[in-house]
file query.json (JSON, C-alpha atoms)
[["chain", "number", "residue", "atom", "x", "y", "z"],
["A", 682, "MET", "CA", -15.89, 6.93, -3.17],
["A", 683, "ASP", "CA", -18.88, 6.65, -0.84],
["A", 684, "ALA", "CA", -19.65, 3.18, -2.19],
["A", 685, "VAL", "CA", -16.08, 2.07, -1.47],
["A", 686, "ILE", "CA", -16.21, 3.44, 2.08],
["A", 687, "GLU", "CA", -19.53, 1.64, 2.62],
["A", 688, "PHE", "CA", -18.01, -1.59, 1.27],
["A", 689, "LEU", "CA", -14.95, -1.30, 3.53],
["A", 690, "THR", "CA", -17.18, -0.54, 6.50],
["A", 691, "LYS", "CA", -19.28, -3.64, 5.81],
["A", 692, "CYS", "CA", -16.04, -5.64, 5.72],
["A", 693, "GLY", "CA", -15.18, -4.42, 9.23],
["A", 694, "ALA", "CA", -12.52, -1.77, 8.52],
["A", 695, "ALA", "CA", -14.13, 0.69, 10.94],
["A", 696, "GLU", "CA", -13.73, -1.77, 13.85],
["A", 697, "ILE", "CA", -10.12, -2.81, 13.30],
["A", 698, "ASP", "CA", -7.50, -1.00, 15.39],
["A", 699, "HIS", "CA", -4.67, 0.63, 13.49],
["A", 700, "PRO", "CA", -2.13, 3.34, 14.33],
["A", 701, "GLY", "CA", -4.05, 6.60, 14.34],
["A", 702, "GLY", "CA", -7.45, 5.06, 15.07],
["A", 703, "THR", "CA", -9.11, 2.48, 12.89],
["A", 704, "LEU", "CA", -8.05, 0.76, 9.71],
["A", 705, "LEU", "CA", -10.76, 2.68, 7.87],
["A", 706, "ALA", "CA", -9.41, 6.01, 9.10],
["A", 707, "HIS", "CA", -5.91, 4.99, 7.98],
["A", 708, "LEU", "CA", -7.15, 3.90, 4.54],
["A", 709, "GLN", "CA", -8.97, 7.22, 4.12],
["A", 710, "ARG", "CA", -5.83, 9.17, 5.07],
["A", 711, "VAL", "CA", -3.73, 7.20, 2.55],
["A", 712, "HIS", "CA", -6.35, 7.89, -0.13],
["A", 713, "ALA", "CA", -6.32, 11.61, 0.72],
["A", 714, "VAL", "CA", -2.52, 11.77, 0.50],
["A", 715, "LEU", "CA", -2.51, 10.04, -2.88],
["A", 716, "ALA", "CA", -5.16, 12.47, -4.12],
["A", 717, "ARG", "CA", -3.07, 15.45, -2.91],
["A", 718, "TRP", "CA", -0.06, 13.99, -4.69],
["A", 719, "GLY", "CA", -2.04, 13.83, -7.93],
["A", 720, "ALA", "CA", -2.07, 10.04, -8.28],
["A", 721, "ARG", "CA", -4.33, 8.75, -11.00],
["A", 722, "PRO", "CA", -7.78, 7.48, -9.92],
["A", 723, "ALA", "CA", -6.91, 3.76, -9.99],
["A", 724, "VAL", "CA", -3.96, 4.36, -7.65],
["A", 725, "GLN", "CA", -6.11, 6.48, -5.34],
["A", 726, "SER", "CA", -8.73, 3.70, -5.21],
["A", 727, "ALA", "CA", -6.04, 1.11, -4.61],
["A", 728, "GLY", "CA", -4.63, 3.27, -1.81],
["A", 729, "LEU", "CA", -8.06, 3.36, -0.19],
["A", 730, "CYS", "CA", -8.20, -0.44, -0.29],
["A", 731, "HIS", "CA", -4.51, -1.33, -0.04],
["A", 732, "ALA", "CA", -4.96, -3.49, 3.08],
["A", 733, "TYR", "CA", -8.04, -5.36, 1.83],
["A", 734, "TYR", "CA", -6.13, -8.66, 1.54],
["A", 735, "GLY", "CA", -3.91, -7.85, 4.51],
["A", 736, "THR", "CA", -0.24, -7.09, 4.02],
["A", 737, "ASP", "CA", 3.09, -8.52, 5.04],
["A", 738, "GLY", "CA", 3.17, -5.88, 7.78],
["A", 739, "PHE", "CA", -0.54, -5.93, 8.73],
["A", 740, "PRO", "CA", -1.96, -9.45, 8.39],
["A", 741, "VAL", "CA", -5.62, -8.64, 9.15],
["A", 742, "ALA", "CA", -7.56, -9.11, 5.90],
["A", 743, "LEU", "CA", -10.96, -7.69, 5.03],
["A", 744, "GLY", "CA", -11.49, -10.08, 2.13],
["A", 745, "GLU", "CA", -10.22, -13.30, 0.64],
["A", 746, "VAL", "CA", -7.60, -13.44, -2.11],
["A", 747, "SER", "CA", -9.63, -16.32, -3.57],
["A", 748, "ARG", "CA", -12.52, -13.86, -4.11],
["A", 749, "ARG", "CA", -10.77, -11.02, -5.91],
["A", 750, "ASP", "CA", -13.88, -10.20, -7.93],
["A", 751, "ASP", "CA", -15.58, -8.95, -4.75],
["A", 752, "LEU", "CA", -13.17, -6.02, -4.58],
["A", 753, "ALA", "CA", -12.86, -5.60, -8.36],
["A", 754, "ASN", "CA", -16.63, -5.14, -8.59],
["A", 755, "VAL", "CA", -16.35, -2.14, -6.26],
["A", 756, "ILE", "CA", -13.13, -0.41, -7.40],
["A", 757, "GLY", "CA", -12.52, -1.80, -10.89],
["A", 758, "ASP", "CA", -10.10, -4.34, -12.28],
["A", 759, "GLU", "CA", -7.05, -2.08, -12.57],
["A", 760, "ALA", "CA", -7.30, -0.79, -9.00],
["A", 761, "GLU", "CA", -7.90, -4.31, -7.67],
["A", 762, "GLN", "CA", -4.80, -5.56, -9.49],
["A", 763, "ILE", "CA", -2.78, -2.80, -7.83],
["A", 764, "VAL", "CA", -4.24, -3.77, -4.42],
["A", 765, "TYR", "CA", -3.37, -7.42, -4.99],
["A", 766, "PHE", "CA", 0.19, -6.55, -6.05],
["A", 767, "TYR", "CA", 0.64, -4.32, -3.01],
["A", 768, "ALA", "CA", -0.82, -6.86, -0.57],
["A", 769, "SER", "CA", 1.10, -9.77, -2.06],
["A", 770, "CYS", "CA", 4.52, -8.21, -1.50],
["A", 771, "ASP", "CA", 6.98, -10.32, 0.47],
["A", 772, "ARG", "CA", 8.63, -7.23, 1.91],
["A", 773, "ALA", "CA", 11.86, -8.77, 3.23],
["A", 774, "PHE", "CA", 12.58, -10.26, -0.20],
["A", 775, "SER", "CA", 11.18, -7.54, -2.46],
["A", 776, "TYR", "CA", 11.85, -4.16, -0.85],
["A", 777, "PRO", "CA", 15.64, -4.13, -1.29],
["A", 778, "ARG", "CA", 15.42, -5.46, -4.85],
["A", 779, "LEU", "CA", 12.80, -3.04, -6.19],
["A", 780, "ALA", "CA", 15.07, 0.00, -6.24],
["A", 781, "ASN", "CA", 16.99, -1.55, -9.10],
["A", 782, "GLY", "CA", 14.04, -3.03, -10.98],
["A", 783, "GLY", "CA", 14.73, -6.43, -9.44],
["A", 784, "GLU", "CA", 12.61, -9.35, -8.47],
["A", 785, "PHE", "CA", 9.35, -9.21, -6.56],
["A", 786, "ARG", "CA", 8.07, -12.18, -4.55],
["A", 787, "ASP", "CA", 4.35, -12.82, -4.13],
["A", 788, "ARG", "CA", 3.82, -13.86, -0.50],
["A", 789, "PHE", "CA", 0.53, -15.58, -1.35],
["A", 790, "ASN", "CA", 1.89, -18.04, -3.90],
["A", 791, "GLY", "CA", 5.69, -17.75, -3.66],
["A", 792, "THR", "CA", 6.23, -16.80, -7.30],
["A", 793, "THR", "CA", 8.82, -14.24, -8.30],
["A", 794, "SER", "CA", 8.65, -11.78, -11.17],
["A", 795, "VAL", "CA", 10.24, -8.61, -12.45],
["A", 796, "PRO", "CA", 7.35, -6.12, -12.51],
["A", 797, "PRO", "CA", 7.09, -3.39, -15.13],
["A", 798, "GLU", "CA", 8.24, 0.04, -13.99],
["A", 799, "SER", "CA", 4.67, 1.37, -14.10],
["A", 800, "GLY", "CA", 3.65, -1.26, -11.53],
["A", 801, "LEU", "CA", 6.64, -0.44, -9.38],
["A", 802, "ARG", "CA", 5.74, 3.25, -9.48],
["A", 803, "ASP", "CA", 2.19, 2.54, -8.30],
["A", 804, "PHE", "CA", 3.51, 0.21, -5.60],
["A", 805, "ALA", "CA", 6.13, 2.70, -4.38],
["A", 806, "GLU", "CA", 3.65, 5.58, -4.28],
["A", 807, "ILE", "CA", 1.14, 3.64, -2.17],
["A", 808, "THR", "CA", 3.89, 2.25, 0.04],
["A", 809, "VAL", "CA", 5.27, 5.70, 0.80],
["A", 810, "ALA", "CA", 1.79, 7.15, 1.47],
["A", 811, "ASN", "CA", 0.96, 4.20, 3.73],
["A", 812, "GLU", "CA", 4.18, 4.14, 5.71],
["A", 813, "LEU", "CA", 4.44, 7.90, 6.16],
["A", 814, "ASP", "CA", 0.92, 7.86, 7.60],
["A", 815, "VAL", "CA", 1.80, 5.05, 10.03],
["A", 816, "LEU", "CA", 4.99, 6.85, 11.09],
["A", 817, "ALA", "CA", 3.09, 10.12, 11.59],
["A", 818, "GLU", "CA", 0.49, 8.41, 13.75],
["A", 819, "ASN", "CA", 2.74, 6.29, 15.98],
["A", 820, "ALA", "CA", 5.89, 7.62, 17.66],
["A", 821, "ASP", "CA", 7.07, 4.15, 18.70],
["A", 822, "LEU", "CA", 6.88, 2.83, 15.14],
["A", 823, "ARG", "CA", 8.51, 6.03, 13.85],
["A", 824, "ALA", "CA", 11.44, 5.53, 16.25],
["A", 825, "ARG", "CA", 11.76, 1.84, 15.45],
["A", 826, "TYR", "CA", 11.25, 1.84, 11.66],
["A", 827, "GLY", "CA", 11.42, 5.45, 10.48],
["A", 828, "PRO", "CA", 15.13, 5.71, 9.63],
["A", 829, "LYS", "CA", 15.18, 2.38, 7.79],
["A", 830, "LEU", "CA", 12.02, 3.21, 5.80],
["A", 831, "LEU", "CA", 13.26, 6.68, 4.88],
["A", 832, "ALA", "CA", 16.54, 5.18, 3.65],
["A", 833, "LEU", "CA", 14.57, 2.66, 1.59],
["A", 834, "PHE", "CA", 12.40, 5.41, 0.12],
["A", 835, "ALA", "CA", 15.52, 7.38, -0.76],
["A", 836, "SER", "CA", 16.60, 4.39, -2.89],
["A", 837, "TRP", "CA", 13.19, 4.51, -4.61],
["A", 838, "GLN", "CA", 13.41, 8.20, -5.61],
["A", 839, "HIS", "CA", 13.27, 7.39, -9.32],
["A", 840, "LEU", "CA", 9.97, 5.53, -8.77],
["A", 841, "LEU", "CA", 8.24, 8.32, -6.84],
["A", 842, "SER", "CA", 6.27, 11.31, -8.00],
["A", 843, "PRO", "CA", 7.70, 14.73, -7.18],
["A", 844, "ALA", "CA", 5.07, 15.14, -4.44],
["A", 845, "ALA", "CA", 5.98, 11.80, -2.84],
["A", 846, "ARG", "CA", 9.70, 12.62, -3.02],
["A", 847, "GLU", "CA", 9.00, 15.94, -1.32],
["A", 848, "ALA", "CA", 6.96, 14.21, 1.43],
["A", 849, "VAL", "CA", 9.84, 11.80, 2.06],
["A", 850, "ALA", "CA", 12.31, 14.68, 2.23],
["A", 851, "ARG", "CA", 10.11, 16.47, 4.80],
["A", 852, "SER", "CA", 9.85, 13.37, 7.01]]
call {"tool": "encode", "arguments": {"input": "query.json", "output": "structure tokens"}}
result
Amino acid sequence: MDAVIEFLTKCGAAEIDHPGGTLLAHLQRVHAVLARWGARPAVQSAGLCHAYYGTDGFPVALGEVSRRDDLANVIGDEAEQIVYFYASCDRAFSYPRLANGGEFRDRFNGTTSVPPESGLRDFAEITVANELDVLAENADLRARYGPKLLALFASWQHLLSPAAREAVARS
């Protein structure tokens, strides 16, 4: 993990503001939550790097989508694929459809697909860890988005691990 932290630091994650401090601090908290929840190593690594390409909700990118090998060389192909999938989510289109195994839209290239349930589970787990951290760190965002996100996560219960479901219930 030290090599990944060093890589993210070189990419500027320690200098980018984010609720609760820096982007790097947020990424480390998401990683720690996923580890506590017992996520497999590839999902933990993806959680640590989930914002590498930016996201629909946080557009600052640490690396280029056109250079995916840069990240894959540090965290492995499977974890990088999870990061890409997470970062590529067109949230307005995809979030409401994913509860029922529906379509996912890639915001980078506009394609739609119906992801396998295993991919949806990884995506949902990282999403919940990410958003619960943001809500815990910023009262304004919690007031503005908390109820809607918690309702969304309730619709994703079947995709979440028991630990993630419990975290949602406590929020």
call {"tool": "atom_distance", "arguments": {"input": "query.json", "atom1": "atom CA of A:Ser794", "atom2": "atom CA of A:Asp814"}}
result
28.2 Å
call {"tool": "atom_distance", "arguments": {"input": "query.json", "atom1": "atom CA of A:Leu715", "atom2": "atom CA of A:Ile763"}}
result
13.8 Å
call {"tool": "closest_residue", "arguments": {"input": "query.json", "among": "A:Leu830, A:Ile686, A:Ile807, A:Leu801", "to": "A:Phe785", "atoms": "all atoms listed in the file"}}
result
A:Leu801
call {"tool": "residues_around", "arguments": {"input": "query.json", "residues": "A:Ala760", "least_positions_apart": "5", "cutoff": "10 Å", "atoms": "all atoms listed in the file", "output": "list in words"}}
result
Pro722, Ala723, Val724, Gln725, Ser726, Ala727, Gly728, Leu729, Cys730, His731, Leu752, Ala753, Val755, Tyr765 and Phe766 of chain A
call {"tool": "closest_residue", "arguments": {"input": "query.json", "among": "A:Tyr733, A:Phe804, A:Phe789, A:Trp718", "to": "A:Val685", "atoms": "all atoms listed in the file"}}
result
A:Tyr733
call {"tool": "closest_residue", "arguments": {"input": "query.json", "among": "A:Glu761, A:Pro843, A:Ala835, A:Arg710", "to": "A:Glu818", "atoms": "only C-alpha atoms"}}
result
A:Arg710
